[in-house]
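This report concerns only the one structure given below.
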Amino acid sequence: MADLKFLDIDWQTNANRQAHHTDKFYNPDLILRRGQSFDFSLTFNRLPRAGESLVFIASTGPSPSELAKTKAVFPLSRETNDGNWRAQLVSQMNNTLIISILSPANAPIGWYTLSIQVSSPGNNSTSKLGMFILLFNPWVQADAVFMSNLAEREEYVQEDAGIIFVGSTNRIGMVGWNFGQFEGDILTTCLSILDMSLNFRRDPTTDVARRGDPKYVGRVLSAMINSNDDNGVIAGNWSGNYGGGLDPRNWNGSVEILKQWKKSGFRPVRFGQCWVFAGTLNTVLRALGIPSRVITNFNSAHDTDRNLSVDVYYDPKGNPLDKGSDSVWNFHVWNEAWFVRTDLGPSYSGWQVLDATPQERSQGVFQCGPASVIAIREGDVNLDFDMPFIFAEVNADRITWIYDSHRSNQKQNSLDPHTIGKYISTKAVGSYSRMDVTEKYKYPEGSSQERKVFEKAVGKLKPNSSFGPTSAGDITNEEREPSISGRFKVNGILAVGKEVNLALLVKNLTRDMKTVTVNMTAWTIVYNGTLVHEVWKDSVTISLDPEEEIQHPVKITYAQYEKYLKADNMIRTTAICQASDEAEVVVERDVILDNPTLTLELLDQAKVRKPVNVQMLFSNPLDEPVKNCVLMVEGSGLLLGSLKIDVPTLRPKERSRVRFEIMPTRSGTKQLLADFSCNKFPAIKAMLSIDVAE
């Protein structure tokens, strides 16, 4: 009688991918989720008889071992699962067996090889059946990333486009972002990110074994999305000079970045800033099956010395100074990933902060998180990982100093416990509106709970400090209450190419006459506070009657700021106001100038696999030509890859109309993203939602 021989396998790829919610991936591989069974059929030369057995071997990583749980050897049996791999016979017909395999809900994710060992008396043969990819499973309760809410799961795992909030507290804006986690090679590129990590290179066996733990995977990814330390994906640059790479504002999404990284032989892609790191990390987390979202924190503190306060410096002339290592970013963007914290206990499960922007080292590497959002709100800064840094980003006190270099002395001007960590924002589920999540990070500003939590955090970080009413206790402000107040008011519109019109309002708060000297400056800046160039200054002496308020005009012409404005379109205006023999009052306002509008229009109905035209409209608002114009377009499900279109030079006030063709590949609502750049406008954004019919 012939030996039992394996002849053929049918992976039932389409049915399995549908059942495992991986049918959106464009790559043809068998993609499965852990903790859920999958069926396939095996054909033999005949049916197995008594005394013959079938044993399966599932293995992952370069040196699989049963001890490390990166290899499982399990027979075809009728027994129920005990949390290990299991294979069961579903049915048999002729010489074909339908088999169901169940993986554990905590199995390491990644590429697996499945083999079969056929044993007959006196004969053993092993055959490789093929490979599959195993991912986290937010649909299964036993998985640490389980998310019970259907609408949230759709948004945070399956949505491949979104928006990221940017700007400043007085002008919140948004940019579209193409996550594109289902595109061609993106999933396999995401898996190779894990194989490029320092941990894998140092100890591949342990690294692969730990890939079943979302907090481990999340932390590794937070290190790998930036290129510091490890040849990671994106090189950061906040200098304002982006020669040798792309201005961070030009990217429309993660797909082109990940493709470029892979194509270049895993060389860091230049350049990124915080939303680029966060958008890309979001793509990788969603691709691997960890629910995730992008978070923006306005007035975000970068506290380098763990004292829960950030120091900001000015000189007496009103110039912001690049002194000290602390800073306040107009906005900072990070991610939240959803999983259980088995290491901290159930009360800390749910959303966890991961931040791939390289700001501070953690355990010797630029990585950050996961930090439980609940723990941040409760001030539990002693818990893993990187809690003091993230707590400070949303809670630090802002201390303003005036530094006189001639006398080499500095004095504290003011302390503000309320300005840091404002309007913490994310995209709402199922719509493009802004959802404010500030109350998830902290108790209401000024409430007794909020100060109690701050006190608790200070106590854990600096057990020996005494606690004052406003701050971390080691600062006193002996100055009297100021007798004058000041603020900047915007007059008219703020647009690139136009004069910036502001007014400084100075008010006498007393019943005495006051003489006030005012030193004012304006600098162009990068959004994280990096100073680019002074563009305007003025000094004036003002006499104020009792309780009088006067307006002093501030006018900055396009000719003054044009050369020094970066893609951030931000100008920082400062006034140092001093009534004789009193402490200075520092008035600051960052203004954001609007770009001219870029419009996208769909010229026909969009249908799957039918080419359709889109039109871009742009008018040059300037009295001079704009040249070197390039339009970059992308959108998952709407076009494969991206389009780069050179647009002819535009004469002053000329209107441009560019038509291009897209070819939708998926039905449903899809997002088309465009970036228009030229010599006068480094990055103008547009997005268009397109409903694609079958």
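By order of appearance in the structure tokens: chains A, B, ..., then residues from 1 within every chain, and ligands from 1 in the order shown.
Residues in contact with region 262-266 of chain A at up to 8 Å, not including ones fewer than 6 positions away on its chain and judged by only C-alpha atoms, are Thr189, Asn231, Gly232 and Val233 of chain A.
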Picked from region 333-551 of chain A by DSSP as helix (DSSP H, G or I), as an MDAnalysis selection string: chainID A and resid 346:348 373:378 387:395 438:441 448:461
Contacts of region 224-279 of chain A with region 169-184 of chain A up to 9 Å, shortest pair per row, only C-alpha atoms, as a Markdown table:
```
| residue | atom | partner | partner_atom | distance |
| --- | --- | --- | --- | --- |
| A:Trp251 | CA | A:Trp177 | CA | 8.4 |
| A:Asn252 | CA | A:Trp177 | CA | 5.6 |
| A:Gly253 | CA | A:Asn178 | CA | 4.1 |
| A:Ser254 | CA | A:Phe179 | CA | 5.5 |
| A:Val255 | CA | A:Gly180 | CA | 5.9 |
| A:Gly279 | CA | A:Phe179 | CA | 6.7 |
```
9 Å contact set for Val540 (chain A), only C-alpha atoms, chain neighbours under 6 positions out, as a list in words: Val516, Thr517, Val518, Asn519 and Met520 of chain A
Write the residues of the preceding selection, restricted to C-alpha atoms, as a short mmCIF file (atom, residue, chain, number, x, y, z; two decimals), in the first residue's frame.
```cif
data_model
loop_
_atom_site.label_atom_id
_atom_site.label_comp_id
_atom_site.auth_asym_id
_atom_site.auth_seq_id
_atom_site.Cartn_x
_atom_site.Cartn_y
_atom_site.Cartn_z
CA VAL A 516 5.28 103.15 29.94
CA THR A 517 8.24 102.23 27.76
CA VAL A 518 7.45 99.51 25.24
CA ASN A 519 10.00 97.42 23.30
CA MET A 520 8.46 95.30 20.54
#
```
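Closest approach to Asp8 (chain A) from the set A:Ser372, A:Leu42, A:Glu601, A:Gly492 is made by A:Leu42, with distances taken over only C-alpha atoms.
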Polymer residues at most 12 Å from Lys422 (chain A), only C-alpha atoms, same-chain spacing of 6 or more positions, as an MDAnalysis selection string: chainID A and resid 168:170 172 295:301 328:332 393:396 436:439 441:442 444:445
Write out as a PDB file with all heavy atoms, in the first residue's frame each polymer residue whose atoms come within 7 Å of region 20-33 of chain A, counting only C-alpha atoms; drop sequence neighbours fewer than 3 positions from it.
```
ATOM      1  N   THR A  13      -8.136  31.522   0.889  1.00  0.00           N
ATOM      2  CA  THR A  13      -7.652  32.857   1.275  1.00  0.00           C
ATOM      3  C   THR A  13      -8.776  33.886   1.360  1.00  0.00           C
ATOM      4  O   THR A  13      -8.881  34.616   2.353  1.00  0.00           O
ATOM      5  CB  THR A  13      -6.562  33.327   0.278  1.00  0.00           C
ATOM      6  OG1 THR A  13      -5.509  32.366   0.303  1.00  0.00           O
ATOM      7  CG2 THR A  13      -6.005  34.682   0.656  1.00  0.00           C
ATOM      8  N   ASN A  16     -11.120  33.259   4.359  1.00  0.00           N
ATOM      9  CA  ASN A  16     -10.426  33.506   5.629  1.00  0.00           C
ATOM     10  C   ASN A  16     -10.179  34.995   5.854  1.00  0.00           C
ATOM     11  O   ASN A  16     -10.360  35.509   6.961  1.00  0.00           O
ATOM     12  CB  ASN A  16      -9.092  32.750   5.669  1.00  0.00           C
ATOM     13  CG  ASN A  16      -9.295  31.279   6.007  1.00  0.00           C
ATOM     14  OD1 ASN A  16     -10.097  30.935   6.870  1.00  0.00           O
ATOM     15  ND2 ASN A  16      -8.578  30.400   5.308  1.00  0.00           N
ATOM     16  N   ARG A  17      -9.768  35.689   4.792  1.00  0.00           N
ATOM     17  CA  ARG A  17      -9.482  37.126   4.954  1.00  0.00           C
ATOM     18  C   ARG A  17     -10.755  37.900   5.298  1.00  0.00           C
ATOM     19  O   ARG A  17     -10.722  38.833   6.103  1.00  0.00           O
ATOM     20  CB  ARG A  17      -8.815  37.686   3.694  1.00  0.00           C
ATOM     21  CG  ARG A  17      -7.340  37.308   3.628  1.00  0.00           C
ATOM     22  CD  ARG A  17      -6.638  37.750   2.370  1.00  0.00           C
ATOM     23  NE  ARG A  17      -6.851  39.140   2.030  1.00  0.00           N
ATOM     24  CZ  ARG A  17      -5.914  39.949   1.552  1.00  0.00           C
ATOM     25  NH1 ARG A  17      -4.684  39.507   1.372  1.00  0.00           N
ATOM     26  NH2 ARG A  17      -6.184  41.193   1.227  1.00  0.00           N
ATOM     27  N   GLN A  36      -8.353  33.478  16.559  1.00  0.00           N
ATOM     28  CA  GLN A  36      -9.517  33.209  15.699  1.00  0.00           C
ATOM     29  C   GLN A  36      -9.133  32.088  14.731  1.00  0.00           C
ATOM     30  O   GLN A  36      -8.031  32.080  14.196  1.00  0.00           O
ATOM     31  CB  GLN A  36      -9.852  34.494  14.932  1.00  0.00           C
ATOM     32  CG  GLN A  36     -11.110  34.421  14.097  1.00  0.00           C
ATOM     33  CD  GLN A  36     -11.468  35.775  13.489  1.00  0.00           C
ATOM     34  OE1 GLN A  36     -11.038  36.825  13.984  1.00  0.00           O
ATOM     35  NE2 GLN A  36     -12.232  35.755  12.414  1.00  0.00           N
ATOM     36  N   PHE A 132       1.917  32.580   6.243  1.00  0.00           N
ATOM     37  CA  PHE A 132       0.825  33.532   6.457  1.00  0.00           C
ATOM     38  C   PHE A 132       1.312  34.615   7.410  1.00  0.00           C
ATOM     39  O   PHE A 132       2.354  34.480   8.064  1.00  0.00           O
ATOM     40  CB  PHE A 132      -0.436  32.831   6.993  1.00  0.00           C
ATOM     41  CG  PHE A 132      -0.257  32.120   8.315  1.00  0.00           C
ATOM     42  CD1 PHE A 132      -0.415  32.791   9.528  1.00  0.00           C
ATOM     43  CD2 PHE A 132       0.070  30.758   8.353  1.00  0.00           C
ATOM     44  CE1 PHE A 132      -0.261  32.123  10.740  1.00  0.00           C
ATOM     45  CE2 PHE A 132       0.224  30.089   9.563  1.00  0.00           C
ATOM     46  CZ  PHE A 132       0.061  30.781  10.762  1.00  0.00           C
ATOM     47  N   ILE A 133       0.557  35.707   7.456  1.00  0.00           N
ATOM     48  CA  ILE A 133       0.862  36.806   8.386  1.00  0.00           C
ATOM     49  C   ILE A 133      -0.182  36.769   9.492  1.00  0.00           C
ATOM     50  O   ILE A 133      -1.381  36.660   9.221  1.00  0.00           O
ATOM     51  CB  ILE A 133       0.809  38.169   7.657  1.00  0.00           C
ATOM     52  CG1 ILE A 133       1.937  38.270   6.618  1.00  0.00           C
ATOM     53  CG2 ILE A 133       0.909  39.330   8.658  1.00  0.00           C
ATOM     54  CD1 ILE A 133       1.841  39.497   5.706  1.00  0.00           C
ATOM     55  N   LEU A 134       0.273  36.853  10.741  1.00  0.00           N
ATOM     56  CA  LEU A 134      -0.636  36.869  11.894  1.00  0.00           C
ATOM     57  C   LEU A 134      -0.606  38.262  12.520  1.00  0.00           C
ATOM     58  O   LEU A 134       0.470  38.807  12.781  1.00  0.00           O
ATOM     59  CB  LEU A 134      -0.203  35.818  12.916  1.00  0.00           C
ATOM     60  CG  LEU A 134      -1.236  35.467  14.003  1.00  0.00           C
ATOM     61  CD1 LEU A 134      -2.472  34.804  13.404  1.00  0.00           C
ATOM     62  CD2 LEU A 134      -0.617  34.562  15.068  1.00  0.00           C
ATOM     63  N   LEU A 135      -1.800  38.833  12.741  1.00  0.00           N
ATOM     64  CA  LEU A 135      -1.906  40.188  13.292  1.00  0.00           C
ATOM     65  C   LEU A 135      -2.661  40.190  14.618  1.00  0.00           C
ATOM     66  O   LEU A 135      -3.311  39.211  14.986  1.00  0.00           O
ATOM     67  CB  LEU A 135      -2.661  41.095  12.303  1.00  0.00           C
ATOM     68  CG  LEU A 135      -2.068  41.250  10.902  1.00  0.00           C
ATOM     69  CD1 LEU A 135      -2.969  42.125  10.045  1.00  0.00           C
ATOM     70  CD2 LEU A 135      -0.659  41.839  10.971  1.00  0.00           C
ATOM     71  N   PHE A 136      -2.586  41.329  15.338  1.00  0.00           N
ATOM     72  CA  PHE A 136      -3.416  41.534  16.533  1.00  0.00           C
ATOM     73  C   PHE A 136      -4.889  41.483  16.127  1.00  0.00           C
ATOM     74  O   PHE A 136      -5.236  41.762  14.978  1.00  0.00           O
ATOM     75  CB  PHE A 136      -3.112  42.898  17.166  1.00  0.00           C
ATOM     76  CG  PHE A 136      -1.736  42.987  17.786  1.00  0.00           C
ATOM     77  CD1 PHE A 136      -0.698  43.641  17.130  1.00  0.00           C
ATOM     78  CD2 PHE A 136      -1.475  42.429  19.027  1.00  0.00           C
ATOM     79  CE1 PHE A 136       0.576  43.736  17.704  1.00  0.00           C
ATOM     80  CE2 PHE A 136      -0.211  42.517  19.611  1.00  0.00           C
ATOM     81  CZ  PHE A 136       0.815  43.167  18.950  1.00  0.00           C
ATOM     82  N   ASN A 137      -5.761  41.173  17.103  1.00  0.00           N
ATOM     83  CA  ASN A 137      -7.180  40.977  16.769  1.00  0.00           C
ATOM     84  C   ASN A 137      -8.118  41.769  17.686  1.00  0.00           C
ATOM     85  O   ASN A 137      -8.556  41.274  18.729  1.00  0.00           O
ATOM     86  CB  ASN A 137      -7.538  39.489  16.853  1.00  0.00           C
ATOM     87  CG  ASN A 137      -8.862  39.192  16.178  1.00  0.00           C
ATOM     88  OD1 ASN A 137      -9.640  40.097  15.895  1.00  0.00           O
ATOM     89  ND2 ASN A 137      -9.124  37.922  15.914  1.00  0.00           N
ATOM     90  N   PHE A 182      -3.622  49.772   4.080  1.00  0.00           N
ATOM     91  CA  PHE A 182      -3.956  48.587   3.269  1.00  0.00           C
ATOM     92  C   PHE A 182      -3.250  48.582   1.910  1.00  0.00           C
ATOM     93  O   PHE A 182      -3.378  47.635   1.148  1.00  0.00           O
ATOM     94  CB  PHE A 182      -5.470  48.507   3.053  1.00  0.00           C
ATOM     95  CG  PHE A 182      -6.251  48.503   4.343  1.00  0.00           C
ATOM     96  CD1 PHE A 182      -7.168  49.506   4.622  1.00  0.00           C
ATOM     97  CD2 PHE A 182      -6.040  47.516   5.291  1.00  0.00           C
ATOM     98  CE1 PHE A 182      -7.879  49.517   5.823  1.00  0.00           C
ATOM     99  CE2 PHE A 182      -6.746  47.522   6.494  1.00  0.00           C
ATOM    100  CZ  PHE A 182      -7.662  48.520   6.758  1.00  0.00           C
ATOM    101  N   GLU A 183      -2.529  49.652   1.582  1.00  0.00           N
ATOM    102  CA  GLU A 183      -1.883  49.761   0.264  1.00  0.00           C
ATOM    103  C   GLU A 183      -0.843  48.663   0.048  1.00  0.00           C
ATOM    104  O   GLU A 183      -0.248  48.163   1.017  1.00  0.00           O
ATOM    105  CB  GLU A 183      -1.185  51.122   0.131  1.00  0.00           C
ATOM    106  CG  GLU A 183      -2.125  52.309   0.174  1.00  0.00           C
ATOM    107  CD  GLU A 183      -3.099  52.346  -0.987  1.00  0.00           C
ATOM    108  OE1 GLU A 183      -2.662  52.522  -2.123  1.00  0.00           O
ATOM    109  OE2 GLU A 183      -4.304  52.169  -0.743  1.00  0.00           O
ATOM    110  N   GLY A 184      -0.588  48.392  -1.245  1.00  0.00           N
ATOM    111  CA  GLY A 184       0.358  47.378  -1.701  1.00  0.00           C
ATOM    112  C   GLY A 184       1.289  46.743  -0.691  1.00  0.00           C
ATOM    113  O   GLY A 184       0.974  45.745  -0.064  1.00  0.00           O
ATOM    114  N   ASP A 185       2.466  47.354  -0.517  1.00  0.00           N
ATOM    115  CA  ASP A 185       3.521  46.745   0.287  1.00  0.00           C
ATOM    116  C   ASP A 185       3.547  47.228   1.722  1.00  0.00           C
ATOM    117  O   ASP A 185       4.481  46.917   2.461  1.00  0.00           O
ATOM    118  CB  ASP A 185       4.881  47.135  -0.332  1.00  0.00           C
ATOM    119  CG  ASP A 185       5.390  46.024  -1.217  1.00  0.00           C
ATOM    120  OD1 ASP A 185       4.723  44.988  -1.267  1.00  0.00           O
ATOM    121  OD2 ASP A 185       6.443  46.223  -1.851  1.00  0.00           O
TER     122      ASP A 185
END
```
Kindly provide the residues of region 157-264 of chain A that approach region 355-366 of chain A to within 7 Å, each paired with its closest atom pair and their distance in Å to one decimal, based on only C-alpha atoms, listed by chain and increasing number, as a Markdown table.
```
| residue | atom | partner | partner_atom | distance |
| --- | --- | --- | --- | --- |
| A:Ser222 | CA | A:Ala356 | CA | 4.2 |
| A:Ala223 | CA | A:Phe366 | CA | 5.7 |
| A:Ile225 | CA | A:Ala356 | CA | 5.9 |
| A:Asn226 | CA | A:Ala356 | CA | 6.1 |
| A:Asn228 | CA | A:Phe366 | CA | 6.5 |
| A:Asp229 | CA | A:Val365 | CA | 6.5 |
```
All residues 7 Å or closer to Phe38 (chain A), only C-alpha atoms, same chain fewer than 4 positions away omitted, as JSON, numbers by chain: {"A": [16, 100, 101, 102]}
Keeping only all heavy atoms, take the residues you just selected and write them out as an mmCIF file, in the first residue's frame.
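Dumped to result_21.cif:
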```cif
data_model
loop_
_atom_site.group_PDB
_atom_site.id
_atom_site.type_symbol
_atom_site.label_atom_id
_atom_site.label_comp_id
_atom_site.auth_asym_id
_atom_site.auth_seq_id
_atom_site.Cartn_x
_atom_site.Cartn_y
_atom_site.Cartn_z
ATOM 1 N N ASN A 16 -11.120 33.259 4.359
ATOM 2 C CA ASN A 16 -10.426 33.506 5.629
ATOM 3 C C ASN A 16 -10.179 34.995 5.854
ATOM 4 O O ASN A 16 -10.360 35.509 6.961
ATOM 5 C CB ASN A 16 -9.092 32.750 5.669
ATOM 6 C CG ASN A 16 -9.295 31.279 6.007
ATOM 7 O OD1 ASN A 16 -10.097 30.935 6.870
ATOM 8 N ND2 ASN A 16 -8.578 30.400 5.308
ATOM 9 N N SER A 100 -9.333 23.043 10.573
ATOM 10 C CA SER A 100 -9.453 24.355 11.199
ATOM 11 C C SER A 100 -8.327 24.505 12.223
ATOM 12 O O SER A 100 -8.155 23.639 13.085
ATOM 13 C CB SER A 100 -10.816 24.463 11.895
ATOM 14 O OG SER A 100 -10.881 25.658 12.619
ATOM 15 N N ILE A 101 -7.550 25.596 12.090
ATOM 16 C CA ILE A 101 -6.470 25.862 13.057
ATOM 17 C C ILE A 101 -6.814 27.126 13.840
ATOM 18 O O ILE A 101 -7.277 28.116 13.270
ATOM 19 C CB ILE A 101 -5.107 26.021 12.341
ATOM 20 C CG1 ILE A 101 -4.605 24.646 11.876
ATOM 21 C CG2 ILE A 101 -4.065 26.682 13.257
ATOM 22 C CD1 ILE A 101 -3.218 24.668 11.244
ATOM 23 N N LEU A 102 -6.607 27.052 15.155
ATOM 24 C CA LEU A 102 -6.831 28.203 16.025
ATOM 25 C C LEU A 102 -5.509 28.605 16.666
ATOM 26 O O LEU A 102 -4.816 27.760 17.249
ATOM 27 C CB LEU A 102 -7.849 27.844 17.115
ATOM 28 C CG LEU A 102 -8.172 28.928 18.149
ATOM 29 C CD1 LEU A 102 -8.874 30.114 17.506
ATOM 30 C CD2 LEU A 102 -9.041 28.365 19.274
#
```
Write out as a PDB file with N, CA and C atoms, in the first residue's frame each polymer residue whose atoms come within 12 Å of Gln158 (chain A), counting only C-alpha atoms; drop sequence neighbours fewer than 2 positions from it.
```pdb
ATOM      1  N   HIS A  21     -11.355  39.973   8.886  1.00  0.00           N
ATOM      2  CA  HIS A  21     -11.348  41.428   8.681  1.00  0.00           C
ATOM      3  C   HIS A  21     -10.014  41.910   8.111  1.00  0.00           C
ATOM      4  N   THR A  22      -9.442  41.126   7.199  1.00  0.00           N
ATOM      5  CA  THR A  22      -8.198  41.565   6.543  1.00  0.00           C
ATOM      6  C   THR A  22      -8.382  41.655   5.025  1.00  0.00           C
ATOM      7  N   ASP A  23      -9.651  41.654   4.586  1.00  0.00           N
ATOM      8  CA  ASP A  23      -9.918  41.650   3.139  1.00  0.00           C
ATOM      9  C   ASP A  23      -9.627  43.003   2.495  1.00  0.00           C
ATOM     10  N   LYS A  24      -9.394  44.057   3.292  1.00  0.00           N
ATOM     11  CA  LYS A  24      -9.084  45.372   2.706  1.00  0.00           C
ATOM     12  C   LYS A  24      -7.631  45.481   2.258  1.00  0.00           C
ATOM     13  N   PHE A  25      -6.756  44.616   2.766  1.00  0.00           N
ATOM     14  CA  PHE A  25      -5.341  44.692   2.380  1.00  0.00           C
ATOM     15  C   PHE A  25      -5.187  44.361   0.892  1.00  0.00           C
ATOM     16  N   PRO A 138      -8.453  43.006  17.299  1.00  0.00           N
ATOM     17  CA  PRO A 138      -9.337  43.824  18.143  1.00  0.00           C
ATOM     18  C   PRO A 138     -10.781  43.318  18.167  1.00  0.00           C
ATOM     19  N   TRP A 139     -11.101  42.284  17.350  1.00  0.00           N
ATOM     20  CA  TRP A 139     -12.463  41.736  17.312  1.00  0.00           C
ATOM     21  C   TRP A 139     -12.664  40.621  18.345  1.00  0.00           C
ATOM     22  N   LEU A 150     -18.152  48.889  18.003  1.00  0.00           N
ATOM     23  CA  LEU A 150     -18.023  48.638  16.566  1.00  0.00           C
ATOM     24  C   LEU A 150     -17.592  49.888  15.791  1.00  0.00           C
ATOM     25  N   ALA A 151     -18.240  51.032  16.077  1.00  0.00           N
ATOM     26  CA  ALA A 151     -17.924  52.265  15.338  1.00  0.00           C
ATOM     27  C   ALA A 151     -16.486  52.698  15.611  1.00  0.00           C
ATOM     28  N   GLU A 152     -16.045  52.554  16.855  1.00  0.00           N
ATOM     29  CA  GLU A 152     -14.665  52.931  17.199  1.00  0.00           C
ATOM     30  C   GLU A 152     -13.671  51.996  16.517  1.00  0.00           C
ATOM     31  N   ARG A 153     -14.007  50.700  16.496  1.00  0.00           N
ATOM     32  CA  ARG A 153     -13.110  49.724  15.854  1.00  0.00           C
ATOM     33  C   ARG A 153     -12.965  50.034  14.363  1.00  0.00           C
ATOM     34  N   GLU A 154     -14.088  50.377  13.723  1.00  0.00           N
ATOM     35  CA  GLU A 154     -14.044  50.743  12.302  1.00  0.00           C
ATOM     36  C   GLU A 154     -13.131  51.943  12.083  1.00  0.00           C
ATOM     37  N   GLU A 155     -13.252  52.952  12.938  1.00  0.00           N
ATOM     38  CA  GLU A 155     -12.457  54.176  12.797  1.00  0.00           C
ATOM     39  C   GLU A 155     -10.990  53.918  13.101  1.00  0.00           C
ATOM     40  N   TYR A 156     -10.713  53.250  14.223  1.00  0.00           N
ATOM     41  CA  TYR A 156      -9.343  53.195  14.749  1.00  0.00           C
ATOM     42  C   TYR A 156      -8.507  52.027  14.223  1.00  0.00           C
ATOM     43  N   ASP A 160      -8.594  54.318   6.661  1.00  0.00           N
ATOM     44  CA  ASP A 160      -7.239  54.503   6.108  1.00  0.00           C
ATOM     45  C   ASP A 160      -6.924  55.946   5.722  1.00  0.00           C
ATOM     46  N   ALA A 161      -7.799  56.890   6.134  1.00  0.00           N
ATOM     47  CA  ALA A 161      -7.514  58.315   5.920  1.00  0.00           C
ATOM     48  C   ALA A 161      -8.029  59.073   7.124  1.00  0.00           C
ATOM     49  N   GLY A 162      -7.472  60.247   7.366  1.00  0.00           N
ATOM     50  CA  GLY A 162      -7.937  61.016   8.520  1.00  0.00           C
ATOM     51  C   GLY A 162      -7.466  62.450   8.453  1.00  0.00           C
ATOM     52  N   PHE A 179      -3.385  57.594   5.713  1.00  0.00           N
ATOM     53  CA  PHE A 179      -2.720  56.525   6.482  1.00  0.00           C
ATOM     54  C   PHE A 179      -2.361  55.360   5.558  1.00  0.00           C
ATOM     55  N   GLY A 180      -3.327  54.943   4.733  1.00  0.00           N
ATOM     56  CA  GLY A 180      -3.037  53.979   3.667  1.00  0.00           C
ATOM     57  C   GLY A 180      -2.472  52.650   4.138  1.00  0.00           C
ATOM     58  N   GLN A 181      -2.949  52.158   5.300  1.00  0.00           N
ATOM     59  CA  GLN A 181      -2.362  50.922   5.850  1.00  0.00           C
ATOM     60  C   GLN A 181      -2.655  49.684   5.006  1.00  0.00           C
ATOM     61  N   PHE A 182      -3.622  49.772   4.080  1.00  0.00           N
ATOM     62  CA  PHE A 182      -3.956  48.587   3.269  1.00  0.00           C
ATOM     63  C   PHE A 182      -3.250  48.582   1.910  1.00  0.00           C
ATOM     64  N   ASN A 282       0.722  55.952  13.230  1.00  0.00           N
ATOM     65  CA  ASN A 282      -0.686  55.547  13.187  1.00  0.00           C
ATOM     66  C   ASN A 282      -0.933  54.504  12.098  1.00  0.00           C
ATOM     67  N   THR A 283      -0.300  54.706  10.938  1.00  0.00           N
ATOM     68  CA  THR A 283      -0.416  53.736   9.839  1.00  0.00           C
ATOM     69  C   THR A 283       0.075  52.364  10.291  1.00  0.00           C
ATOM     70  N   LEU A 285       0.546  51.103  13.384  1.00  0.00           N
ATOM     71  CA  LEU A 285      -0.274  50.499  14.443  1.00  0.00           C
ATOM     72  C   LEU A 285      -1.559  49.905  13.860  1.00  0.00           C
ATOM     73  N   ARG A 286      -2.246  50.668  13.018  1.00  0.00           N
ATOM     74  CA  ARG A 286      -3.494  50.161  12.420  1.00  0.00           C
ATOM     75  C   ARG A 286      -3.216  48.964  11.514  1.00  0.00           C
ATOM     76  N   ALA A 287      -2.115  49.016  10.769  1.00  0.00           N
ATOM     77  CA  ALA A 287      -1.784  47.888   9.885  1.00  0.00           C
ATOM     78  C   ALA A 287      -1.616  46.607  10.695  1.00  0.00           C
ATOM     79  N   LEU A 288      -0.960  46.708  11.849  1.00  0.00           N
ATOM     80  CA  LEU A 288      -0.691  45.510  12.667  1.00  0.00           C
ATOM     81  C   LEU A 288      -1.896  45.092  13.511  1.00  0.00           C
ATOM     82  N   GLY A 289      -2.945  45.932  13.510  1.00  0.00           N
ATOM     83  CA  GLY A 289      -4.166  45.551  14.221  1.00  0.00           C
ATOM     84  C   GLY A 289      -4.306  46.149  15.603  1.00  0.00           C
ATOM     85  N   ILE A 290      -3.463  47.125  15.947  1.00  0.00           N
ATOM     86  CA  ILE A 290      -3.608  47.810  17.245  1.00  0.00           C
ATOM     87  C   ILE A 290      -4.445  49.074  17.007  1.00  0.00           C
ATOM     88  N   PRO A 291      -5.625  49.187  17.640  1.00  0.00           N
ATOM     89  CA  PRO A 291      -6.442  50.393  17.428  1.00  0.00           C
ATOM     90  C   PRO A 291      -5.648  51.637  17.841  1.00  0.00           C
ATOM     91  N   SER A 292      -5.706  52.682  17.013  1.00  0.00           N
ATOM     92  CA  SER A 292      -4.884  53.858  17.316  1.00  0.00           C
ATOM     93  C   SER A 292      -5.502  55.107  16.737  1.00  0.00           C
ATOM     94  N   ARG A 293      -5.103  56.254  17.324  1.00  0.00           N
ATOM     95  CA  ARG A 293      -5.570  57.540  16.818  1.00  0.00           C
ATOM     96  C   ARG A 293      -4.483  58.590  17.034  1.00  0.00           C
ATOM     97  N   VAL A 429     -15.050  60.124  15.751  1.00  0.00           N
ATOM     98  CA  VAL A 429     -15.378  58.854  15.094  1.00  0.00           C
ATOM     99  C   VAL A 429     -16.419  59.111  14.007  1.00  0.00           C
ATOM    100  N   GLY A 430     -16.092  58.683  12.768  1.00  0.00           N
ATOM    101  CA  GLY A 430     -17.076  58.747  11.685  1.00  0.00           C
ATOM    102  C   GLY A 430     -17.304  60.124  11.079  1.00  0.00           C
TER     103      GLY A 430
END
```
Secondary structure check, strand (DSSP E) residues of region 185-409 of chain A, as a ChimeraX atom specification: /A:234-236,269-272,292-302,309-314,320-321,327-339,350-354,371-372,397-404,409
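Straight-line separation from CA of Leu505 (chain A) to CA of Thr521 (chain A): 15.1 Å.
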Best match for closeness to Lys323 (chain A) among A:Glu450, A:Thr400, A:Ala375, A:Leu600, counting only C-alpha atoms: A:Thr400
Nearest-residue call for Trp11 (chain A), choices A:Ala142, A:Met131, A:Met687, A:Val453, using only C-alpha atoms: A:Met131
Give me, as JSON lines, the closest atom pair and its distance (Å, one decimal) for every residue of region 106-199 of chain A within a cut-off of 12 Å of region 80-89 of chain A, counting only C-alpha atoms, rows sorted by chain and rising number.
```
{"residue": "A:Asn106", "atom": "CA", "partner": "A:Gly83", "partner_atom": "CA", "distance": 8.6}
{"residue": "A:Ala107", "atom": "CA", "partner": "A:Asn84", "partner_atom": "CA", "distance": 8.8}
{"residue": "A:Leu114", "atom": "CA", "partner": "A:Trp85", "partner_atom": "CA", "distance": 11.8}
{"residue": "A:Ile116", "atom": "CA", "partner": "A:Ala87", "partner_atom": "CA", "distance": 11.2}
{"residue": "A:Ala142", "atom": "CA", "partner": "A:Gly83", "partner_atom": "CA", "distance": 10.0}
{"residue": "A:Asp143", "atom": "CA", "partner": "A:Gly83", "partner_atom": "CA", "distance": 11.5}
```
